[in-house]
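Undergrad: Supplied structure: run14.csv, CSV, C-alpha atoms and all ligand atoms.
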chain,number,residue,atom,x,y,z
A,1,MET,CA,0.0,0.0,0.0
A,2,ASN,CA,1.2,3.5,-0.8
A,3,ALA,CA,3.2,4.9,2.1
A,4,LEU,CA,1.3,8.2,2.2
A,5,ARG,CA,-2.0,6.4,2.7
A,6,VAL,CA,-0.5,4.2,5.5
A,7,PHE,CA,0.8,7.4,7.1
A,8,PHE,CA,-2.6,9.0,7.0
A,9,TYR,CA,-4.4,5.9,8.4
A,10,ARG,CA,-1.9,5.6,11.2
A,11,THR,CA,-2.0,9.3,12.1
A,12,TYR,CA,-5.8,9.1,12.2
A,13,GLN,CA,-5.6,6.1,14.5
A,14,VAL,CA,-3.1,7.7,16.9
A,15,ALA,CA,-5.3,10.8,17.1
A,16,LEU,CA,-8.4,8.6,17.8
A,17,LYS,CA,-6.5,6.7,20.5
A,18,GLY,CA,-5.6,10.0,22.1
A,19,ALA,CA,-9.2,11.2,22.0
A,20,MET,CA,-10.4,7.9,23.4
A,21,ALA,CA,-8.2,8.4,26.4
A,22,PHE,CA,-10.4,11.4,27.4
A,23,LEU,CA,-13.7,9.5,26.8
A,24,ARG,CA,-15.2,8.2,30.0
A,25,ILE,CA,-16.7,4.8,29.1
A,26,PRO,CA,-18.6,3.4,32.0
A,27,LEU,CA,-18.6,-0.3,33.0
A,28,PRO,CA,-22.0,-1.8,33.7
A,29,PHE,CA,-22.8,-2.9,37.2
A,30,LEU,CA,-22.7,-6.7,37.3
A,31,LEU,CA,-25.3,-9.0,38.7
A,32,ASP,CA,-25.0,-12.8,38.6
A,33,ARG,CA,-28.4,-14.0,39.9
A,34,VAL,CA,-31.7,-13.1,38.5
A,35,GLU,CA,-33.1,-13.0,42.0
A,36,GLU,CA,-31.0,-9.8,42.5
A,37,LEU,CA,-32.9,-8.0,39.8
A,38,GLY,CA,-35.8,-6.9,42.0
A,39,ALA,CA,-33.5,-5.2,44.5
A,40,GLU,CA,-31.5,-3.6,41.8
A,41,LEU,CA,-34.5,-2.0,40.2
A,42,LYS,CA,-36.1,-1.0,43.4
A,43,GLY,CA,-32.8,0.5,44.6
A,44,LYS,CA,-33.0,2.7,41.5
A,45,LYS,CA,-36.6,3.5,42.3
A,46,LEU,CA,-37.7,1.9,39.0
A,47,LYS,CA,-41.2,0.4,38.9
A,48,HIS,CA,-42.2,-0.7,35.5
A,49,PRO,CA,-39.6,-1.9,32.9
A,50,LEU,CA,-40.1,-2.8,29.3
A,51,ILE,CA,-38.5,-6.2,28.5
A,52,VAL,CA,-37.1,-6.1,24.9
A,53,THR,CA,-36.7,-9.4,23.2
A,54,ASP,CA,-37.6,-11.5,20.2
A,55,LYS,CA,-40.5,-13.9,19.6
A,56,GLY,CA,-38.3,-17.0,19.7
A,57,LEU,CA,-36.6,-16.1,23.0
A,58,ALA,CA,-39.9,-15.1,24.6
A,59,SER,CA,-41.2,-18.6,24.0
A,60,PHE,CA,-38.3,-20.4,25.6
A,61,PRO,CA,-38.6,-21.7,29.1
A,62,ALA,CA,-35.6,-19.6,30.3
A,63,PHE,CA,-37.7,-16.5,29.8
A,64,LEU,CA,-40.1,-17.7,32.5
A,65,ILE,CA,-37.2,-17.5,35.0
A,66,LEU,CA,-36.9,-13.8,34.3
A,67,LYS,CA,-40.7,-13.2,34.5
A,68,GLN,CA,-41.0,-15.2,37.7
A,69,ALA,CA,-38.1,-13.2,39.3
A,70,LEU,CA,-39.9,-9.9,38.5
A,71,ASP,CA,-43.3,-11.3,39.7
A,72,GLU,CA,-41.7,-12.4,43.0
A,73,ALA,CA,-40.2,-9.0,43.5
A,74,GLU,CA,-43.6,-7.6,42.8
A,75,ILE,CA,-42.4,-5.5,39.8
A,76,THR,CA,-44.8,-5.1,37.0
A,77,TYR,CA,-43.5,-5.1,33.5
A,78,GLU,CA,-44.3,-5.0,29.8
A,79,VAL,CA,-42.9,-7.3,27.1
A,80,TYR,CA,-42.0,-6.2,23.7
A,81,ASP,CA,-41.0,-9.2,21.6
A,82,GLY,CA,-40.7,-7.5,18.3
A,83,ALA,CA,-36.9,-7.2,18.0
A,84,VAL,CA,-35.7,-8.5,14.7
A,85,PRO,CA,-32.1,-9.4,13.5
A,86,ASN,CA,-30.5,-6.1,12.3
A,87,PRO,CA,-33.1,-4.0,14.2
A,88,THR,CA,-35.0,-1.8,11.8
A,89,PHE,CA,-36.2,1.8,12.5
A,90,ALA,CA,-39.8,0.4,12.4
A,91,CYS,CA,-39.1,-2.2,15.1
A,92,ILE,CA,-37.4,0.3,17.3
A,93,GLU,CA,-40.2,2.9,16.8
A,94,GLU,CA,-42.8,0.3,17.7
A,95,GLY,CA,-40.8,-0.5,20.8
A,96,VAL,CA,-40.6,3.1,22.0
A,97,LYS,CA,-44.3,3.4,21.3
A,98,ARG,CA,-44.9,0.6,23.7
A,99,TYR,CA,-42.5,2.1,26.2
A,100,ARG,CA,-44.4,5.4,26.2
A,101,GLU,CA,-47.9,4.0,26.1
A,102,ALA,CA,-47.2,1.6,29.0
A,103,HIS,CA,-45.5,4.4,31.0
A,104,CYS,CA,-42.4,2.4,31.4
A,105,ASP,CA,-39.4,3.8,33.3
A,106,ALA,CA,-36.6,1.3,32.5
A,107,LEU,CA,-35.5,-1.2,29.8
A,108,ILE,CA,-34.4,-4.8,30.1
A,109,ALA,CA,-32.7,-6.1,27.0
A,110,TYR,CA,-33.1,-9.9,26.9
A,111,GLY,CA,-31.2,-11.7,24.1
A,112,GLY,CA,-28.2,-11.7,21.9
A,113,GLY,CA,-27.0,-8.7,19.9
A,114,SER,CA,-30.3,-7.8,18.1
A,115,PRO,CA,-32.6,-7.3,21.2
A,116,MET,CA,-29.8,-5.4,22.8
A,117,ASP,CA,-29.3,-3.1,19.8
A,118,CYS,CA,-33.1,-2.7,19.6
A,119,ALA,CA,-33.3,-1.8,23.3
A,120,LYS,CA,-30.5,0.7,22.9
A,121,GLY,CA,-32.3,2.3,20.0
A,122,ILE,CA,-35.5,2.5,22.1
A,123,ALA,CA,-33.5,4.2,24.9
A,124,ILE,CA,-32.3,6.9,22.4
A,125,LEU,CA,-35.8,7.6,21.0
A,126,ALA,CA,-37.3,7.6,24.5
A,127,SER,CA,-35.0,10.5,25.4
A,128,TYR,CA,-35.2,12.2,22.0
A,129,PRO,CA,-38.9,12.0,21.0
A,130,LYS,CA,-38.7,14.4,18.1
A,131,LYS,CA,-35.7,12.9,16.4
A,132,SER,CA,-35.1,10.0,13.9
A,133,LEU,CA,-32.4,7.5,14.7
A,134,GLN,CA,-30.6,8.6,11.5
A,135,ALA,CA,-29.5,11.8,13.4
A,136,PHE,CA,-27.4,9.7,15.8
A,137,LYS,CA,-25.4,7.8,13.1
A,138,GLY,CA,-21.7,7.8,14.0
A,139,VAL,CA,-19.8,8.7,17.1
A,140,LEU,CA,-20.8,10.8,20.1
A,141,HIS,CA,-24.2,12.2,18.9
A,142,VAL,CA,-26.1,11.0,21.9
A,143,HIS,CA,-25.8,13.5,24.7
A,144,ARG,CA,-28.9,13.3,26.8
A,145,LYS,CA,-29.3,10.9,29.7
A,146,LEU,CA,-31.0,7.7,28.6
A,147,PRO,CA,-33.5,5.5,30.5
A,148,TYR,CA,-31.9,2.9,32.8
A,149,LEU,CA,-31.0,-0.2,30.7
A,150,LEU,CA,-30.2,-3.6,32.1
A,151,ALA,CA,-28.8,-6.2,29.7
A,152,ILE,CA,-29.3,-10.0,30.0
A,153,PRO,CA,-27.2,-11.8,27.4
A,154,THR,CA,-28.6,-15.1,26.3
A,155,THR,CA,-25.7,-16.1,24.1
A,156,VAL,CA,-22.0,-16.2,24.9
A,157,GLY,CA,-20.5,-13.9,22.3
A,158,THR,CA,-21.6,-10.5,21.4
A,159,GLY,CA,-20.4,-8.7,24.5
A,160,SER,CA,-23.1,-6.0,23.7
A,161,GLU,CA,-23.9,-5.8,27.4
A,162,ALA,CA,-20.6,-4.0,27.8
A,163,THR,CA,-20.3,-2.0,24.6
A,164,LEU,CA,-21.1,1.6,23.6
A,165,ALA,CA,-22.5,0.6,20.2
A,166,ALA,CA,-25.8,-0.1,18.7
A,167,VAL,CA,-26.2,-1.3,15.1
A,168,VAL,CA,-29.5,-0.4,13.4
A,169,LEU,CA,-30.9,-0.6,9.9
A,170,ASN,CA,-32.7,2.2,8.1
A,171,GLU,CA,-34.9,-0.1,6.1
A,172,SER,CA,-36.0,2.5,3.6
A,173,THR,CA,-32.5,3.5,2.6
A,174,LYS,CA,-30.9,0.1,3.3
A,175,ASP,CA,-28.4,2.0,5.4
A,176,LYS,CA,-27.1,-0.3,8.2
A,177,PHE,CA,-25.1,1.8,10.6
A,178,GLN,CA,-23.6,2.1,14.0
A,179,ILE,CA,-24.4,4.5,16.8
A,180,ASP,CA,-21.5,4.9,19.2
A,181,SER,CA,-21.8,6.7,22.5
A,182,PRO,CA,-20.8,6.0,26.1
A,183,ARG,CA,-24.4,6.7,26.9
A,184,LEU,CA,-25.3,3.4,25.3
A,185,VAL,CA,-23.3,1.2,27.7
A,186,PRO,CA,-26.0,-0.6,29.7
A,187,ASN,CA,-26.3,0.5,33.4
A,188,ALA,CA,-26.2,-3.1,34.5
A,189,ALA,CA,-25.6,-6.6,33.1
A,190,LEU,CA,-27.1,-9.8,34.5
A,191,LEU,CA,-24.8,-12.8,33.8
A,192,ASP,CA,-26.9,-15.6,35.2
A,193,PRO,CA,-25.8,-19.0,33.8
A,194,ARG,CA,-29.4,-20.2,33.7
A,195,PHE,CA,-30.0,-18.0,30.7
A,196,VAL,CA,-27.3,-19.8,28.6
A,197,GLN,CA,-27.3,-23.3,30.0
A,198,GLY,CA,-28.5,-25.7,27.3
A,199,LEU,CA,-27.6,-23.5,24.3
A,200,PRO,CA,-27.3,-25.5,21.1
A,201,LYS,CA,-23.7,-26.6,20.4
A,202,GLY,CA,-23.5,-24.8,17.1
A,203,LEU,CA,-24.5,-21.5,18.8
A,204,ILE,CA,-21.9,-22.0,21.6
A,205,ALA,CA,-19.2,-22.6,18.9
A,206,SER,CA,-20.1,-19.6,16.7
A,207,THR,CA,-20.9,-17.0,19.4
A,208,GLY,CA,-17.9,-18.2,21.5
A,209,MET,CA,-15.6,-17.6,18.5
A,210,ASP,CA,-17.1,-14.2,18.1
A,211,ALA,CA,-16.0,-13.5,21.7
A,212,PHE,CA,-12.6,-15.0,20.8
A,213,THR,CA,-12.3,-12.6,17.9
A,214,HIS,CA,-13.3,-9.6,20.0
A,215,ALA,CA,-10.5,-10.4,22.6
A,216,LEU,CA,-7.9,-11.2,19.9
A,217,GLU,CA,-8.6,-8.2,17.7
A,218,ALA,CA,-8.6,-5.9,20.8
A,219,TYR,CA,-5.3,-7.3,22.0
A,220,LEU,CA,-3.5,-7.6,18.7
A,221,GLY,CA,-4.4,-4.2,17.3
A,222,ARG,CA,-2.8,-0.9,18.1
A,223,GLY,CA,-5.7,0.6,19.9
A,224,GLY,CA,-5.2,-1.3,23.2
A,225,THR,CA,-4.4,0.2,26.5
A,226,LYS,CA,-3.3,-1.3,29.8
A,227,PHE,CA,-7.0,-1.4,30.8
A,228,SER,CA,-8.3,-3.0,27.6
A,229,ASP,CA,-5.4,-5.5,27.5
A,230,LYS,CA,-6.2,-6.6,31.0
A,231,TYR,CA,-9.7,-7.4,30.0
A,232,ALA,CA,-8.7,-9.0,26.7
A,233,LEU,CA,-6.2,-11.3,28.4
A,234,SER,CA,-8.6,-12.3,31.1
A,235,ALA,CA,-11.2,-13.1,28.4
A,236,LEU,CA,-8.7,-15.2,26.5
A,237,MET,CA,-7.9,-17.2,29.7
A,238,GLY,CA,-11.6,-17.7,30.2
A,239,LEU,CA,-12.2,-18.8,26.6
A,240,HIS,CA,-9.4,-21.3,26.8
A,241,GLU,CA,-10.8,-22.7,30.0
A,242,HIS,CA,-14.5,-22.7,29.2
A,243,LEU,CA,-15.3,-22.5,25.5
A,244,TYR,CA,-14.6,-26.1,24.5
A,245,ALA,CA,-15.7,-27.4,27.9
A,246,PHE,CA,-19.1,-25.6,27.5
A,247,TYR,CA,-19.4,-26.9,24.0
A,248,GLU,CA,-18.8,-30.5,25.3
A,249,ASP,CA,-21.3,-30.0,28.2
A,250,PRO,CA,-23.8,-27.2,27.5
A,251,THR,CA,-25.6,-28.0,30.8
A,252,SER,CA,-22.5,-27.1,32.9
A,253,LYS,CA,-23.3,-24.2,35.1
A,254,GLU,CA,-19.6,-23.5,35.7
A,255,HIS,CA,-18.7,-23.4,32.0
A,256,ALA,CA,-21.8,-21.4,31.2
A,257,PHE,CA,-20.9,-18.7,33.6
A,258,GLY,CA,-17.2,-18.9,32.6
A,259,MET,CA,-18.3,-18.1,29.0
A,260,GLN,CA,-20.6,-15.3,30.0
A,261,LYS,CA,-17.8,-13.7,31.9
A,262,ALA,CA,-15.3,-14.2,29.1
A,263,ALA,CA,-17.7,-12.7,26.5
A,264,TYR,CA,-18.4,-9.8,28.7
A,265,GLU,CA,-14.7,-9.1,29.3
A,266,ALA,CA,-14.0,-9.3,25.6
A,267,GLY,CA,-16.8,-6.8,25.1
A,268,VAL,CA,-15.2,-4.4,27.6
A,269,ALA,CA,-11.9,-4.8,25.7
A,270,PHE,CA,-13.1,-4.2,22.2
A,271,THR,CA,-15.4,-1.3,22.9
A,272,ARG,CA,-12.2,0.5,24.0
A,273,ALA,CA,-9.6,-0.9,21.7
A,274,PHE,CA,-11.8,-1.6,18.6
A,275,VAL,CA,-11.9,-4.6,16.3
A,276,GLY,CA,-10.0,-5.3,13.0
A,277,TYR,CA,-10.3,-6.8,9.6
A,278,VAL,CA,-11.9,-10.0,10.8
A,279,HIS,CA,-15.0,-8.0,11.8
A,280,ALA,CA,-14.8,-5.8,8.7
A,281,LEU,CA,-14.9,-8.8,6.4
A,282,ALA,CA,-17.5,-10.6,8.5
A,283,HIS,CA,-19.8,-7.5,8.3
A,284,ALA,CA,-19.3,-7.5,4.5
A,285,LEU,CA,-20.3,-11.1,4.2
A,286,GLY,CA,-23.1,-10.7,6.7
A,287,GLY,CA,-24.6,-7.8,4.8
A,288,ALA,CA,-24.3,-9.3,1.3
A,289,HIS,CA,-24.9,-13.0,2.0
A,290,GLY,CA,-26.5,-13.2,5.4
A,291,VAL,CA,-23.6,-15.2,6.9
A,292,PRO,CA,-24.3,-15.2,10.7
A,293,HIS,CA,-21.8,-12.9,12.5
A,294,GLY,CA,-20.2,-15.5,14.8
A,295,LEU,CA,-19.8,-18.0,12.1
A,296,ALA,CA,-18.3,-15.4,9.7
A,297,ASN,CA,-15.7,-14.4,12.4
A,298,ALA,CA,-14.9,-18.0,13.2
A,299,VAL,CA,-14.1,-18.9,9.6
A,300,LEU,CA,-12.2,-15.6,8.8
A,301,LEU,CA,-10.2,-15.4,12.0
A,302,VAL,CA,-7.2,-17.6,11.2
A,303,PRO,CA,-6.8,-16.7,7.5
A,304,THR,CA,-6.8,-13.0,8.5
A,305,LEU,CA,-4.3,-13.5,11.4
A,306,LYS,CA,-2.1,-15.4,8.9
A,307,LYS,CA,-2.2,-12.4,6.6
A,308,TYR,CA,-1.0,-10.1,9.4
A,309,GLY,CA,2.1,-12.3,9.4
A,310,LYS,CA,5.1,-11.1,11.3
A,311,SER,CA,3.3,-8.0,12.6
A,312,ILE,CA,1.5,-10.0,15.2
A,313,GLU,CA,4.2,-12.6,15.9
A,314,LYS,CA,5.4,-11.1,19.2
A,315,LYS,CA,2.0,-10.6,20.6
A,316,LEU,CA,0.8,-14.0,19.6
A,317,ALA,CA,4.0,-15.4,21.3
A,318,ARG,CA,3.1,-13.5,24.4
A,319,ILE,CA,-0.3,-15.1,24.7
A,320,ALA,CA,0.9,-18.6,23.7
A,321,PRO,CA,1.3,-19.7,27.4
A,322,ILE,CA,-2.4,-19.0,28.0
A,323,PHE,CA,-3.2,-21.8,25.6
A,324,ASP,CA,-0.2,-24.0,26.8
A,325,VAL,CA,1.4,-23.9,23.3
A,326,GLN,CA,4.7,-22.1,23.9
A,327,GLY,CA,7.4,-22.8,21.3
A,328,GLN,CA,11.2,-22.4,21.1
A,329,ASN,CA,10.9,-18.8,19.7
A,330,ASN,CA,8.3,-16.2,18.8
A,331,ALA,CA,7.7,-17.6,15.3
A,332,GLU,CA,7.1,-21.1,16.6
A,333,SER,CA,4.8,-19.8,19.5
A,334,ALA,CA,2.8,-17.7,17.1
A,335,ALA,CA,2.3,-20.6,14.7
A,336,ASN,CA,1.3,-22.8,17.6
A,337,VAL,CA,-1.4,-20.3,18.6
A,338,LEU,CA,-2.9,-20.3,15.1
A,339,ALA,CA,-2.8,-24.1,15.1
A,340,TYR,CA,-4.5,-24.1,18.5
A,341,LEU,CA,-7.3,-21.9,17.1
A,342,GLU,CA,-7.7,-24.1,14.0
A,343,ASP,CA,-7.8,-27.2,16.2
A,344,LEU,CA,-10.4,-25.7,18.5
A,345,GLU,CA,-12.6,-24.8,15.6
A,346,ARG,CA,-12.2,-28.3,14.1
A,347,LYS,CA,-13.2,-29.9,17.4
A,348,MET,CA,-16.3,-27.7,17.5
A,349,ASN,CA,-17.3,-28.7,14.0
A,350,LEU,CA,-17.0,-25.2,12.6
A,351,PRO,CA,-16.5,-25.1,8.8
A,352,LYS,CA,-13.3,-23.9,7.2
A,353,GLY,CA,-15.1,-21.9,4.5
A,354,PHE,CA,-18.5,-20.6,3.3
A,355,LYS,CA,-18.7,-22.7,0.1
A,356,ASP,CA,-22.3,-23.8,0.9
A,357,LEU,CA,-23.5,-20.5,2.3
A,358,VAL,CA,-22.1,-17.9,-0.2
A,359,LYS,CA,-23.1,-18.3,-3.8
A,360,ASP,CA,-21.4,-16.3,-6.6
A,361,PRO,CA,-19.8,-13.8,-4.3
A,362,ASP,CA,-18.6,-10.5,-5.8
A,363,LEU,CA,-15.2,-10.6,-4.1
A,364,ASP,CA,-14.1,-7.2,-5.3
A,365,ALA,CA,-17.2,-5.6,-3.8
A,366,LEU,CA,-16.9,-7.5,-0.6
A,367,ALA,CA,-13.2,-6.5,-0.2
A,368,LYS,CA,-14.1,-2.9,-1.0
A,369,HIS,CA,-16.8,-2.9,1.7
A,370,ALA,CA,-14.4,-4.3,4.2
A,371,ALA,CA,-11.6,-1.9,3.4
A,372,LYS,CA,-14.0,1.0,3.7
A,373,GLU,CA,-15.1,-0.1,7.1
A,374,GLY,CA,-11.6,-0.9,8.4
A,375,ASN,CA,-9.7,2.0,7.0
A,376,PRO,CA,-8.7,4.2,8.7
A,377,PHE,CA,-11.0,3.5,11.7
A,378,TYR,CA,-9.7,0.2,13.0
A,379,PRO,CA,-6.2,0.3,14.4
A,380,VAL,CA,-5.2,-3.0,12.8
A,381,PRO,CA,-1.8,-4.6,13.4
A,382,LYS,CA,-1.0,-4.3,9.7
A,383,ILE,CA,-2.8,-2.3,7.1
A,384,LEU,CA,-3.9,-4.6,4.3
A,385,THR,CA,-4.6,-3.6,0.7
A,386,ARG,CA,-8.0,-4.4,-0.9
A,387,ASN,CA,-6.3,-7.2,-2.9
A,388,GLU,CA,-5.0,-8.7,0.3
A,389,LEU,CA,-8.5,-8.6,1.8
A,390,LYS,CA,-9.7,-10.2,-1.4
A,391,ASP,CA,-7.2,-13.0,-1.0
A,392,ILE,CA,-8.6,-13.8,2.4
A,393,LEU,CA,-12.2,-13.9,1.0
A,394,GLN,CA,-11.0,-16.1,-1.9
A,395,GLU,CA,-9.6,-18.6,0.5
A,396,VAL,CA,-12.8,-18.9,2.5
A,397,CYS,CA,-15.5,-18.4,-0.2
A,398,ILE,CA,-14.3,-20.3,-3.3
A,401,FE,FE,-18.4,-9.4,16.9
Kindly transcribe the structure held in the file into structure tokens.

TA:
Amino acid sequence: MNALRVFFYRTYQVALKGAMAFLRIPLPFLLDRVEELGAELKGKKLKHPLIVTDKGLASFPAFLILKQALDEAEITYEVYDGAVPNPTFACIEEGVKRYREAHCDALIAYGGGSPMDCAKGIAILASYPKKSLQAFKGVLHVHRKLPYLLAIPTTVGTGSEATLAAVVLNESTKDKFQIDSPRLVPNAALLDPRFVQGLPKGLIASTGMDAFTHALEAYLGRGGTKFSDKYALSALMGLHEHLYAFYEDPTSKEHAFGMQKAAYEAGVAFTRAFVGYVHALAHALGGAHGVPHGLANAVLLVPTLKKYGKSIEKKLARIAPIFDVQGQNNAESAANVLAYLEDLERKMNLPKGFKDLVKDPDLDALAKHAAKEGNPFYPVPKILTRNELKDILQEVCI
């Protein structure tokens, strides 16, 4: 890539990192038992929350645990189960209508990334009744205090309960965009293993690899700080200890909680240190071909790390002991970490490519989309050209 362009990207990233140092990103208050929910809401003088979820989750038995805990605490609530994947303006507007009509005073997001994004969107519109979500596209456009939001993750990957972002879709313009503001970090997160015990193995594998990607991209990129590194490394330790074990035994309470904690920590890390090209490529494939996010990351992770080559060797060698794969030198340790990841994915029956999912991909368009998302915003370990990104896509799509 031309040196001037690399210089521009790197200068932008250094400036962004400097600005991030002044941004106060809160951490959510953590609860680990649903029975604590009543006291938490009452302590904040909140009386009538709106639970935001989707139809599938609302019909699962685990949802009854949440409703029962609120009933026992004598807290009345409304349920809005209209969250859809890639929450649209319409579904968020419908949710805020329910919030207002039922005179709610708090939000409980129950689900994976989509219900959380939907709840974050509802929170924004509840505080800005005269504005469209389009006005908040980008970074730091949400200034008002938002309603109290408590997040209950029901997968082990997105980390959305810790992040300052919401992804929404303007269905009339097909513009899928991100809203970033520290105001969007949930006030509290409930990591109760009962909400993820018994997840299907395929979902554990793909969402778990999403969390792995968050932790690795946050740690390997140039946006990390002491604080984000601490969380990323702790997440990697948790993922090593619990991901495969949870996949093997989805009923295990210990491993369910271990994974919830790791996914949360990875979320804390990447919302401060950003992600990288794995996510940029995964978003391109998700948008154009509907490849599920976790699965896309899982498949793209190792090919993208290999493309970073020597630029991540030292850091990979530093984390090799976490996975018990230290080699004789940095190069060997780094190769061992990549082999560890490949082996983990193979053991969890994750595919190595998208041959069955992605038909007739326009690799140039996908690479262009990923380059546009990644540059100059993501402080990646090595800036890749559009052709290099296309090579990665070629490897996994053809
Ligand atoms: Fe992700």

Undergrad: Would you compute the distance between atom CA of A:Gly138 and atom CA of A:Ile179? Give it in Å to one decimal.

TA: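 Result for atom CA of A:Gly138 versus atom CA of A:Ile179: 5.1 Å, one decimal.
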
Undergrad: If you count all atoms listed in the file, which residues end up within 7 Å of ligand FE 401 (chain A), as a ChimeraX atom specification?

TA: /A:158,210-211,213-214,279,293-294

Undergrad: Could you check the closest approach to A:Leu140 for each of A:His103, A:His240, A:Arg24, A:His48 and tell me which residue wins, using only C-alpha atoms?

TA: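 With only C-alpha atoms as the atom set, the closest residue is A:Arg24.
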
Undergrad: Residues at most 12 Å from A:Leu338, counting all atoms listed in the file, excluding those fewer than 5 positions away in the same chain, as a list of chain:residue names?

TA: A:Leu216, A:Leu301, A:Val302, A:Pro303, A:Thr304, A:Leu305, A:Lys306, A:Lys307, A:Tyr308, A:Gly309, A:Ile312, A:Glu313, A:Leu316, A:Ala317, A:Ile319, A:Ala320, A:Phe323, A:Val325, A:Gln326, A:Ala331, A:Glu332, A:Ser333, A:Asp343, A:Leu344, A:Glu345

Undergrad: May I have the residues within 8 Å of stretch 364-377 of chain A as a list in words, using only C-alpha atoms and disregarding those fewer than 4 positions away in the same chain?

TA: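 These residues fall inside the cut-off: Phe8, Tyr9, Arg10, Tyr12, Gln13, Gly276, Tyr277, Ala280, Leu281, His283, Ala284, Leu285, Ala288, Thr385, Arg386, Asn387, Leu389, Lys390 and Leu393 of chain A.
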
Undergrad: Which protein, DNA or RNA residues have an atom at most 6 Å from (-21.5, -1.6, 33.8), counting all atoms listed in the file? List them as a VMD selection string.

TA: chain A and resid 27 to 29 187 to 188

Undergrad: Atom CA of A:Ala39 to atom CA of A:Ala73: how many Å, to one decimal?

TA: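 That distance, rounded to one decimal, is 7.8 Å.
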
Undergrad: Mind giving me the straight-line distance from atom CA of A:Leu16 to atom CA of A:Ser160 in Å, one decimal?

TA: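 Answer for the atom CA of A:Leu16 to atom CA of A:Ser160 separation: 21.5 Å.
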
Undergrad: Looking at all atoms listed in the file, which of A:Pro200, A:Gly353, A:Gly82, A:Pro26 is the one that sits closest to A:Ser181?

TA: A:Pro26

Undergrad: Restricting the calculation to all atoms listed in the file, which member of A:Val185, A:Val167, A:Ala119, A:Val396 is positioned closest to A:Lys145?

TA: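 Distance minimum relative to A:Lys145 lands on A:Val185.
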
Undergrad: Give as a ChimeraX atom specification the set of residues within 10 Å of the point (-45.8, -7.3, 22.9), where distances use the file's coordinates and only C-alpha atoms.

TA: /A:50-55,58,78-82,94-95,98

Undergrad: With distances taken over all atoms listed in the file, which of A:Leu295, A:Gln134, A:Tyr247, A:Gly287 is nearest to A:Thr173?

TA: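 Closest residue, counting all atoms listed in the file: A:Gln134.
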
Undergrad: Just checking: using all atoms listed in the file, which residue out of A:Tyr128, A:Tyr99, A:Tyr244, A:Tyr148 ends up closest to A:Lys45?

TA: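 Closest candidate: A:Tyr148.
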
Undergrad: With all atoms listed in the file as the counted atoms, please give the residues lying no more than 8 Å from stretch 249-251 of chain A, apart from itself and same-chain residues fewer than 6 positions off, as a PyMOL selection string.

TA: chain A and resi 197-201

Undergrad: So which residues touch A:Leu191 within 10 Å, counting all atoms listed in the file, skipping near sequence neighbours fewer than 5 positions away, as a VMD selection string?

TA: chain A and resid 30 to 34 151 to 154 156 161 196 256 to 261 264

Undergrad: Have stretch 107-115 of chain A completed to N, CA, C and O atoms, please, and pass it along as a PDB file, in the coordinates of the input.

TA:
ATOM      1  N   LEU A 107     -35.564  -0.156  30.864  1.00  0.00           N
ATOM      2  CA  LEU A 107     -35.500  -1.200  29.800  1.00  0.00           C
ATOM      3  C   LEU A 107     -34.722  -2.366  30.245  1.00  0.00           C
ATOM      4  O   LEU A 107     -33.671  -2.214  30.901  1.00  0.00           O
ATOM      5  N   ILE A 108     -35.215  -3.544  29.913  1.00  0.00           N
ATOM      6  CA  ILE A 108     -34.400  -4.800  30.100  1.00  0.00           C
ATOM      7  C   ILE A 108     -34.251  -5.414  28.771  1.00  0.00           C
ATOM      8  O   ILE A 108     -35.225  -5.802  28.118  1.00  0.00           O
ATOM      9  N   ALA A 109     -33.007  -5.483  28.304  1.00  0.00           N
ATOM     10  CA  ALA A 109     -32.700  -6.100  27.000  1.00  0.00           C
ATOM     11  C   ALA A 109     -32.435  -7.584  27.279  1.00  0.00           C
ATOM     12  O   ALA A 109     -31.522  -7.912  28.045  1.00  0.00           O
ATOM     13  N   TYR A 110     -33.208  -8.468  26.663  1.00  0.00           N
ATOM     14  CA  TYR A 110     -33.100  -9.900  26.900  1.00  0.00           C
ATOM     15  C   TYR A 110     -32.781 -10.597  25.585  1.00  0.00           C
ATOM     16  O   TYR A 110     -33.667 -10.689  24.726  1.00  0.00           O
ATOM     17  N   GLY A 111     -31.546 -11.051  25.398  1.00  0.00           N
ATOM     18  CA  GLY A 111     -31.200 -11.700  24.100  1.00  0.00           C
ATOM     19  C   GLY A 111     -29.804 -11.612  23.720  1.00  0.00           C
ATOM     20  O   GLY A 111     -28.914 -11.274  24.528  1.00  0.00           O
ATOM     21  N   GLY A 112     -29.577 -11.868  22.434  1.00  0.00           N
ATOM     22  CA  GLY A 112     -28.200 -11.700  21.900  1.00  0.00           C
ATOM     23  C   GLY A 112     -28.108 -10.247  21.394  1.00  0.00           C
ATOM     24  O   GLY A 112     -28.764  -9.337  21.917  1.00  0.00           O
ATOM     25  N   GLY A 113     -27.295 -10.046  20.370  1.00  0.00           N
ATOM     26  CA  GLY A 113     -27.000  -8.700  19.900  1.00  0.00           C
ATOM     27  C   GLY A 113     -28.233  -7.915  19.449  1.00  0.00           C
ATOM     28  O   GLY A 113     -28.347  -6.719  19.739  1.00  0.00           O
ATOM     29  N   SER A 114     -29.171  -8.565  18.751  1.00  0.00           N
ATOM     30  CA  SER A 114     -30.300  -7.800  18.100  1.00  0.00           C
ATOM     31  C   SER A 114     -31.227  -7.205  19.187  1.00  0.00           C
ATOM     32  O   SER A 114     -31.522  -6.005  19.109  1.00  0.00           O
ATOM     33  N   PRO A 115     -31.742  -7.979  20.162  1.00  0.00           N
ATOM     34  CA  PRO A 115     -32.600  -7.300  21.200  1.00  0.00           C
ATOM     35  C   PRO A 115     -31.831  -6.232  21.942  1.00  0.00           C
ATOM     36  O   PRO A 115     -32.426  -5.221  22.318  1.00  0.00           O
TER      37      PRO A 115
END
